[in-house]
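Listing of data_14.cif, mmCIF, N, CA and C atoms
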```
data_upload
#
loop_
_atom_site.group_PDB
_atom_site.id
_atom_site.type_symbol
_atom_site.label_atom_id
_atom_site.label_comp_id
_atom_site.auth_asym_id
_atom_site.auth_seq_id
_atom_site.Cartn_x
_atom_site.Cartn_y
_atom_site.Cartn_z
ATOM 1 N N MET A 1 0.819 -1.182 0.000
ATOM 2 C CA MET A 1 0.000 0.000 0.000
ATOM 3 C C MET A 1 0.870 1.257 0.000
ATOM 4 N N ALA A 2 1.878 1.294 0.841
ATOM 5 C CA ALA A 2 2.751 2.459 0.893
ATOM 6 C C ALA A 2 3.512 2.608 -0.422
ATOM 7 N N GLN A 3 3.882 1.498 -1.024
ATOM 8 C CA GLN A 3 4.607 1.544 -2.293
ATOM 9 C C GLN A 3 3.739 2.177 -3.388
ATOM 10 N N SER A 4 2.461 1.829 -3.444
ATOM 11 C CA SER A 4 1.593 2.404 -4.470
ATOM 12 C C SER A 4 1.401 3.899 -4.241
ATOM 13 N N HIS A 5 1.356 4.326 -2.984
ATOM 14 C CA HIS A 5 1.232 5.748 -2.683
ATOM 15 C C HIS A 5 2.476 6.505 -3.156
ATOM 16 N N ARG A 6 3.660 5.936 -2.903
ATOM 17 C CA ARG A 6 4.902 6.562 -3.353
ATOM 18 C C ARG A 6 4.971 6.606 -4.870
ATOM 19 N N ASP A 7 4.514 5.536 -5.537
ATOM 20 C CA ASP A 7 4.517 5.515 -6.995
ATOM 21 C C ASP A 7 3.617 6.604 -7.556
ATOM 22 N N GLY A 8 2.467 6.812 -6.936
ATOM 23 C CA GLY A 8 1.554 7.863 -7.367
ATOM 24 C C GLY A 8 2.160 9.238 -7.206
ATOM 25 N N MET A 9 2.836 9.459 -6.090
ATOM 26 C CA MET A 9 3.488 10.751 -5.879
ATOM 27 C C MET A 9 4.623 10.949 -6.867
ATOM 28 N N ASN A 10 5.375 9.892 -7.134
ATOM 29 C CA ASN A 10 6.494 9.981 -8.064
ATOM 30 C C ASN A 10 5.986 10.263 -9.473
ATOM 31 N N ALA A 11 4.899 9.625 -9.876
ATOM 32 C CA ALA A 11 4.355 9.838 -11.213
ATOM 33 C C ALA A 11 3.876 11.273 -11.384
ATOM 34 N N SER A 12 3.209 11.824 -10.378
ATOM 35 C CA SER A 12 2.757 13.209 -10.502
ATOM 36 C C SER A 12 3.939 14.169 -10.472
ATOM 37 N N GLY A 13 4.971 13.838 -9.716
ATOM 38 C CA GLY A 13 6.174 14.664 -9.680
ATOM 39 C C GLY A 13 6.873 14.693 -11.028
ATOM 40 N N GLU A 14 6.932 13.533 -11.685
ATOM 41 C CA GLU A 14 7.529 13.480 -13.015
ATOM 42 C C GLU A 14 6.692 14.273 -14.003
ATOM 43 N N SER A 15 5.373 14.211 -13.841
ATOM 44 C CA SER A 15 4.483 14.961 -14.716
ATOM 45 C C SER A 15 4.683 16.458 -14.521
ATOM 46 N N ASP A 16 4.813 16.888 -13.266
ATOM 47 C CA ASP A 16 5.054 18.300 -12.981
ATOM 48 C C ASP A 16 6.402 18.749 -13.538
ATOM 49 N N ASP A 17 7.409 17.891 -13.426
ATOM 50 C CA ASP A 17 8.719 18.226 -13.975
ATOM 51 C C ASP A 17 8.648 18.377 -15.491
ATOM 52 N N ALA A 18 7.953 17.453 -16.154
ATOM 53 C CA ALA A 18 7.815 17.525 -17.612
ATOM 54 C C ALA A 18 7.080 18.795 -18.010
ATOM 55 N N ARG A 19 6.059 19.156 -17.233
ATOM 56 C CA ARG A 19 5.307 20.383 -17.524
ATOM 57 C C ARG A 19 6.197 21.611 -17.374
ATOM 58 N N GLU A 20 6.987 21.662 -16.309
ATOM 59 C CA GLU A 20 7.870 22.810 -16.096
ATOM 60 C C GLU A 20 8.911 22.916 -17.206
ATOM 61 N N ILE A 21 9.471 21.780 -17.603
ATOM 62 C CA ILE A 21 10.453 21.789 -18.693
ATOM 63 C C ILE A 21 9.788 22.259 -19.975
ATOM 64 N N TRP A 22 8.566 21.739 -20.240
ATOM 65 C CA TRP A 22 7.859 22.154 -21.447
ATOM 66 C C TRP A 22 7.573 23.654 -21.427
ATOM 67 N N LEU A 23 7.155 24.204 -20.293
ATOM 68 C CA LEU A 23 6.863 25.639 -20.220
ATOM 69 C C LEU A 23 8.112 26.474 -20.499
ATOM 70 N N LEU A 24 9.271 25.986 -20.057
ATOM 71 C CA LEU A 24 10.521 26.687 -20.354
ATOM 72 C C LEU A 24 10.818 26.630 -21.857
ATOM 73 N N ILE A 25 10.697 25.451 -22.444
ATOM 74 C CA ILE A 25 10.933 25.304 -23.881
ATOM 75 C C ILE A 25 9.916 26.120 -24.670
ATOM 76 N N ARG A 26 8.663 26.098 -24.210
ATOM 77 C CA ARG A 26 7.592 26.832 -24.891
ATOM 78 C C ARG A 26 7.874 28.330 -24.901
ATOM 79 N N SER A 27 8.383 28.840 -23.788
ATOM 80 C CA SER A 27 8.682 30.274 -23.751
ATOM 81 C C SER A 27 9.799 30.628 -24.738
ATOM 82 N N TRP A 28 10.808 29.771 -24.849
ATOM 83 C CA TRP A 28 11.875 30.009 -25.818
ATOM 84 C C TRP A 28 11.361 29.912 -27.251
ATOM 85 N N LEU A 29 10.504 28.936 -27.528
ATOM 86 C CA LEU A 29 9.934 28.807 -28.871
ATOM 87 C C LEU A 29 9.085 30.026 -29.224
ATOM 88 N N THR A 30 8.339 30.521 -28.254
ATOM 89 C CA THR A 30 7.515 31.703 -28.489
ATOM 90 C C THR A 30 8.384 32.920 -28.778
ATOM 91 N N LEU A 31 9.443 33.085 -28.010
ATOM 92 C CA LEU A 31 10.372 34.189 -28.248
ATOM 93 C C LEU A 31 11.032 34.062 -29.625
ATOM 94 N N LEU A 32 11.467 32.855 -29.972
ATOM 95 C CA LEU A 32 12.086 32.638 -31.282
ATOM 96 C C LEU A 32 11.096 32.904 -32.411
ATOM 97 N N ARG A 33 9.840 32.581 -32.191
ATOM 98 C CA ARG A 33 8.822 32.815 -33.207
ATOM 99 C C ARG A 33 8.636 34.311 -33.444
ATOM 100 N N VAL A 34 8.639 35.101 -32.390
ATOM 101 C CA VAL A 34 8.532 36.557 -32.529
ATOM 102 C C VAL A 34 9.770 37.110 -33.243
ATOM 103 N N LEU A 35 10.943 36.640 -32.850
ATOM 104 C CA LEU A 35 12.177 37.091 -33.499
ATOM 105 C C LEU A 35 12.210 36.690 -34.975
ATOM 106 N N LEU A 36 11.642 35.546 -35.299
ATOM 107 C CA LEU A 36 11.577 35.101 -36.689
ATOM 108 C C LEU A 36 10.731 36.055 -37.522
ATOM 109 N N VAL A 37 9.601 36.469 -37.003
ATOM 110 C CA VAL A 37 8.744 37.416 -37.727
ATOM 111 C C VAL A 37 9.477 38.737 -37.938
ATOM 112 N N ILE A 38 10.158 39.212 -36.908
ATOM 113 C CA ILE A 38 10.922 40.464 -37.029
ATOM 114 C C ILE A 38 12.037 40.304 -38.057
ATOM 115 N N ALA A 39 12.725 39.160 -38.041
ATOM 116 C CA ALA A 39 13.803 38.909 -39.004
ATOM 117 C C ALA A 39 13.272 38.843 -40.434
ATOM 118 N N ILE A 40 12.106 38.230 -40.619
ATOM 119 C CA ILE A 40 11.506 38.163 -41.960
ATOM 120 C C ILE A 40 11.242 39.577 -42.475
ATOM 121 N N ILE A 41 10.687 40.421 -41.629
ATOM 122 C CA ILE A 41 10.382 41.793 -42.043
ATOM 123 C C ILE A 41 11.658 42.556 -42.366
ATOM 124 N N ILE A 42 12.665 42.428 -41.513
ATOM 125 C CA ILE A 42 13.926 43.142 -41.739
ATOM 126 C C ILE A 42 14.599 42.672 -43.023
ATOM 127 N N VAL A 43 14.693 41.359 -43.222
ATOM 128 C CA VAL A 43 15.331 40.830 -44.434
ATOM 129 C C VAL A 43 14.547 41.247 -45.672
ATOM 130 N N ALA A 44 13.220 41.190 -45.592
ATOM 131 C CA ALA A 44 12.402 41.578 -46.738
ATOM 132 C C ALA A 44 12.596 43.047 -47.106
ATOM 133 N N GLU A 45 12.807 43.896 -46.138
ATOM 134 C CA GLU A 45 12.974 45.322 -46.409
ATOM 135 C C GLU A 45 14.394 45.685 -46.853
ATOM 136 N N ILE A 46 15.382 45.066 -46.253
ATOM 137 C CA ILE A 46 16.767 45.466 -46.522
ATOM 138 C C ILE A 46 17.327 44.843 -47.807
ATOM 139 N N PHE A 47 17.001 43.592 -48.059
ATOM 140 C CA PHE A 47 17.648 42.871 -49.153
ATOM 141 C C PHE A 47 16.746 42.663 -50.367
ATOM 142 N N GLU A 48 15.990 43.694 -50.738
ATOM 143 C CA GLU A 48 15.108 43.574 -51.897
ATOM 144 C C GLU A 48 15.879 43.418 -53.202
ATOM 145 N N GLU A 49 17.029 44.054 -53.317
ATOM 146 C CA GLU A 49 17.771 44.063 -54.580
ATOM 147 C C GLU A 49 18.629 42.823 -54.796
ATOM 148 N N HIS A 50 18.926 42.074 -53.749
ATOM 149 C CA HIS A 50 19.795 40.907 -53.874
ATOM 150 C C HIS A 50 18.977 39.689 -54.313
ATOM 151 N N ASN A 51 19.569 38.915 -55.229
ATOM 152 C CA ASN A 51 18.870 37.755 -55.775
ATOM 153 C C ASN A 51 19.636 36.469 -55.509
ATOM 154 N N ILE A 52 18.893 35.415 -55.276
ATOM 155 C CA ILE A 52 19.435 34.056 -55.197
ATOM 156 C C ILE A 52 18.506 33.182 -56.032
ATOM 157 N N MET A 53 19.075 32.512 -57.021
ATOM 158 C CA MET A 53 18.296 31.644 -57.920
ATOM 159 C C MET A 53 17.107 32.398 -58.522
ATOM 160 N N ASN A 54 17.373 33.591 -59.014
ATOM 161 C CA ASN A 54 16.405 34.470 -59.684
ATOM 162 C C ASN A 54 15.230 34.893 -58.810
ATOM 163 N N LEU A 55 15.337 34.789 -57.504
ATOM 164 C CA LEU A 55 14.328 35.311 -56.589
ATOM 165 C C LEU A 55 15.018 36.243 -55.604
ATOM 166 N N SER A 56 14.362 37.347 -55.297
ATOM 167 C CA SER A 56 14.963 38.292 -54.353
ATOM 168 C C SER A 56 14.975 37.688 -52.947
ATOM 169 N N LEU A 57 15.844 38.203 -52.114
ATOM 170 C CA LEU A 57 15.907 37.720 -50.734
ATOM 171 C C LEU A 57 14.627 38.019 -49.981
ATOM 172 N N SER A 58 13.873 39.014 -50.424
ATOM 173 C CA SER A 58 12.572 39.289 -49.813
ATOM 174 C C SER A 58 11.639 38.096 -49.981
ATOM 175 N N VAL A 59 11.632 37.542 -51.169
ATOM 176 C CA VAL A 59 10.793 36.367 -51.437
ATOM 177 C C VAL A 59 11.307 35.165 -50.654
ATOM 178 N N TRP A 60 12.628 34.990 -50.617
ATOM 179 C CA TRP A 60 13.201 33.866 -49.870
ATOM 180 C C TRP A 60 12.905 33.965 -48.380
ATOM 181 N N ALA A 61 12.894 35.185 -47.865
ATOM 182 C CA ALA A 61 12.577 35.359 -46.443
ATOM 183 C C ALA A 61 11.185 34.817 -46.147
ATOM 184 N N ILE A 62 10.254 35.066 -47.047
ATOM 185 C CA ILE A 62 8.891 34.574 -46.832
ATOM 186 C C ILE A 62 8.804 33.080 -47.126
ATOM 187 N N VAL A 63 9.465 32.629 -48.186
ATOM 188 C CA VAL A 63 9.419 31.209 -48.555
ATOM 189 C C VAL A 63 9.997 30.334 -47.446
ATOM 190 N N VAL A 64 11.040 30.791 -46.802
ATOM 191 C CA VAL A 64 11.666 30.013 -45.727
ATOM 192 C C VAL A 64 11.052 30.346 -44.364
ATOM 193 N N GLY A 65 10.782 31.609 -44.131
ATOM 194 C CA GLY A 65 10.324 32.047 -42.814
ATOM 195 C C GLY A 65 8.918 31.608 -42.466
ATOM 196 N N PHE A 66 7.998 31.671 -43.416
ATOM 197 C CA PHE A 66 6.616 31.312 -43.124
ATOM 198 C C PHE A 66 6.469 29.841 -42.724
ATOM 199 N N PRO A 67 7.071 28.894 -43.463
ATOM 200 C CA PRO A 67 6.996 27.495 -43.003
ATOM 201 C C PRO A 67 7.665 27.270 -41.635
ATOM 202 N N LEU A 68 8.752 27.985 -41.356
ATOM 203 C CA LEU A 68 9.382 27.867 -40.035
ATOM 204 C C LEU A 68 8.452 28.376 -38.943
ATOM 205 N N PHE A 69 7.754 29.469 -39.219
ATOM 206 C CA PHE A 69 6.789 30.001 -38.266
ATOM 207 C C PHE A 69 5.674 28.983 -38.015
ATOM 208 N N LEU A 70 5.156 28.386 -39.080
ATOM 209 C CA LEU A 70 4.108 27.371 -38.927
ATOM 210 C C LEU A 70 4.615 26.153 -38.163
ATOM 211 N N LEU A 71 5.843 25.732 -38.452
ATOM 212 C CA LEU A 71 6.420 24.587 -37.752
ATOM 213 C C LEU A 71 6.549 24.858 -36.258
ATOM 214 N N MET A 72 7.044 26.035 -35.904
ATOM 215 C CA MET A 72 7.157 26.379 -34.479
ATOM 216 C C MET A 72 5.780 26.435 -33.820
ATOM 217 N N SER A 73 4.800 26.964 -34.529
ATOM 218 C CA SER A 73 3.447 27.029 -33.983
ATOM 219 C C SER A 73 2.884 25.636 -33.756
ATOM 220 N N MET A 74 3.114 24.728 -34.703
ATOM 221 C CA MET A 74 2.622 23.354 -34.550
ATOM 222 C C MET A 74 3.323 22.640 -33.396
ATOM 223 N N ILE A 75 4.609 22.889 -33.235
ATOM 224 C CA ILE A 75 5.339 22.281 -32.114
ATOM 225 C C ILE A 75 4.777 22.781 -30.788
ATOM 226 N N ILE A 76 4.480 24.071 -30.705
ATOM 227 C CA ILE A 76 3.913 24.628 -29.473
ATOM 228 C C ILE A 76 2.556 24.009 -29.182
ATOM 229 N N ILE A 77 1.711 23.889 -30.198
ATOM 230 C CA ILE A 77 0.381 23.306 -30.001
ATOM 231 C C ILE A 77 0.478 21.846 -29.576
ATOM 232 N N GLN A 78 1.329 21.076 -30.235
ATOM 233 C CA GLN A 78 1.466 19.656 -29.890
ATOM 234 C C GLN A 78 2.070 19.485 -28.498
ATOM 235 N N GLY A 79 3.020 20.323 -28.141
ATOM 236 C CA GLY A 79 3.606 20.266 -26.801
ATOM 237 C C GLY A 79 2.582 20.595 -25.730
ATOM 238 N N ASP A 80 1.735 21.585 -26.014
ATOM 239 C CA ASP A 80 0.671 21.921 -25.059
ATOM 240 C C ASP A 80 -0.280 20.746 -24.870
ATOM 241 N N LYS A 81 -0.614 20.079 -25.960
ATOM 242 C CA LYS A 81 -1.518 18.925 -25.858
ATOM 243 C C LYS A 81 -0.920 17.829 -24.995
ATOM 244 N N ARG A 82 0.381 17.624 -25.118
ATOM 245 C CA ARG A 82 1.015 16.511 -24.408
ATOM 246 C C ARG A 82 1.415 16.863 -22.981
ATOM 247 N N PHE A 83 2.006 18.037 -22.782
ATOM 248 C CA PHE A 83 2.601 18.350 -21.489
ATOM 249 C C PHE A 83 1.806 19.348 -20.643
ATOM 250 N N ALA A 84 0.955 20.138 -21.279
ATOM 251 C CA ALA A 84 0.193 21.146 -20.533
ATOM 252 C C ALA A 84 -1.235 21.198 -21.067
ATOM 253 N N PRO A 85 -2.030 20.184 -20.749
ATOM 254 C CA PRO A 85 -3.390 20.142 -21.299
ATOM 255 C C PRO A 85 -4.258 21.324 -20.880
ATOM 256 N N ASP A 86 -3.967 21.950 -19.740
ATOM 257 C CA ASP A 86 -4.756 23.111 -19.333
ATOM 258 C C ASP A 86 -4.551 24.283 -20.291
ATOM 259 N N LEU A 87 -3.337 24.443 -20.824
ATOM 260 C CA LEU A 87 -3.091 25.490 -21.811
ATOM 261 C C LEU A 87 -3.818 25.186 -23.109
ATOM 262 N N GLU A 88 -3.876 23.912 -23.464
ATOM 263 C CA GLU A 88 -4.604 23.496 -24.659
ATOM 264 C C GLU A 88 -6.100 23.798 -24.504
ATOM 265 N N ASP A 89 -6.644 23.536 -23.317
ATOM 266 C CA ASP A 89 -8.056 23.827 -23.070
ATOM 267 C C ASP A 89 -8.336 25.325 -23.197
ATOM 268 N N LYS A 90 -7.443 26.158 -22.656
ATOM 269 C CA LYS A 90 -7.607 27.609 -22.764
ATOM 270 C C LYS A 90 -7.572 28.050 -24.227
ATOM 271 N N ARG A 91 -6.662 27.461 -25.007
ATOM 272 C CA ARG A 91 -6.555 27.798 -26.428
ATOM 273 C C ARG A 91 -7.840 27.442 -27.156
ATOM 274 N N ARG A 92 -8.377 26.257 -26.884
ATOM 275 C CA ARG A 92 -9.622 25.829 -27.538
ATOM 276 C C ARG A 92 -10.796 26.725 -27.158
ATOM 277 N N LYS A 93 -10.869 27.131 -25.902
ATOM 278 C CA LYS A 93 -11.955 28.010 -25.469
ATOM 279 C C LYS A 93 -11.878 29.363 -26.160
ATOM 280 N N ARG A 94 -10.650 29.884 -26.334
ATOM 281 C CA ARG A 94 -10.484 31.148 -27.038
ATOM 282 C C ARG A 94 -10.935 31.032 -28.486
ATOM 283 N N ILE A 95 -10.605 29.900 -29.117
ATOM 284 C CA ILE A 95 -11.006 29.685 -30.509
ATOM 285 C C ILE A 95 -12.525 29.587 -30.617
ATOM 286 N N GLU A 96 -13.142 28.858 -29.703
ATOM 287 C CA GLU A 96 -14.604 28.713 -29.727
ATOM 288 C C GLU A 96 -15.285 30.049 -29.467
ATOM 289 N N LYS A 97 -14.726 30.839 -28.557
ATOM 290 C CA LYS A 97 -15.314 32.146 -28.232
ATOM 291 C C LYS A 97 -15.220 33.086 -29.433
ATOM 292 N N ALA A 98 -14.098 33.038 -30.144
ATOM 293 C CA ALA A 98 -13.902 33.913 -31.308
ATOM 294 C C ALA A 98 -14.760 33.472 -32.495
ATOM 295 N N GLY A 99 -15.018 32.166 -32.594
ATOM 296 C CA GLY A 99 -15.755 31.631 -33.751
ATOM 297 C C GLY A 99 -17.177 31.669 -33.599
#
```

If you took the structure in this file and wrote it as structure tokens, what would it be?
Amino acid sequence: MAQSHRDGMNASGESDDAREIWLLIRSWLTLLRVLLVIAIIIVAEIFEEHNIMNLSLSVWAIVVGFPLFLLMSMIIIQGDKRFAPDLEDKRRKRIEKAG
């Protein structure tokens, strides 16, 4: 009986640790996502005249940056589903309220 109680506490502790680690990673991904948008805008504005493979760097910034932004967003959503279901519930409620 005592062993099962300790196992339950250990399992919730591991879950809390995973959640805390995920929240740290999530904050970095969110920051990187904001910096990516800023970098796309800066590159698109500064390097309009430069070309790579007959496309300007402005176009390349969007061609490369937009999929990276979507990938980071999908990673954040999937991480929330797995490690922080309460954040996922809040996200769904916001979507339902807006729709």

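Closest approach to Gln78 of chain A among A:Arg26, A:Arg33, A:His50, A:Lys93 is made by A:Arg26 (distances from only C-alpha atoms).
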
*Calculate how many Å separate atom C of Leu29 of chain A from atom C of Asp86 of chain A, rounding to one decimal.*
17.3 Å

_Members of chain A assigned strand (DSSP E or B) by DSSP, as a count of residues only_ = 4

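With only C-alpha atoms as the basis for measurement, A:Ile40 is the residue among A:Ala98, A:Ile40, A:Ile21, A:Leu87 that approaches Pro67 of chain A most closely.
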
Might you pull out every residue within 8 Å of Arg82 of chain A, with all atoms listed in the file counted and same-chain residues fewer than 6 positions away left off, and present them as a PDB file with N, CA and C atoms, keeping the file's coordinate frame?
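What follows is the written file around_28.pdb:
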```pdb
ATOM      1  N   ALA A  18       7.953  17.453 -16.154  1.00  0.00           N
ATOM      2  CA  ALA A  18       7.815  17.525 -17.612  1.00  0.00           C
ATOM      3  C   ALA A  18       7.080  18.795 -18.010  1.00  0.00           C
ATOM      4  N   ARG A  19       6.059  19.156 -17.233  1.00  0.00           N
ATOM      5  CA  ARG A  19       5.307  20.383 -17.524  1.00  0.00           C
ATOM      6  C   ARG A  19       6.197  21.611 -17.374  1.00  0.00           C
ATOM      7  N   ILE A  76       4.480  24.071 -30.705  1.00  0.00           N
ATOM      8  CA  ILE A  76       3.913  24.628 -29.473  1.00  0.00           C
ATOM      9  C   ILE A  76       2.556  24.009 -29.182  1.00  0.00           C
ATOM     10  N   GLU A  88      -3.876  23.912 -23.464  1.00  0.00           N
ATOM     11  CA  GLU A  88      -4.604  23.496 -24.659  1.00  0.00           C
ATOM     12  C   GLU A  88      -6.100  23.798 -24.504  1.00  0.00           C
TER      13      GLU A  88
END
```

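Here atom CA of Ser73 of chain A is placed at a distance of 12.1 Å from atom CA of Trp28 of chain A.
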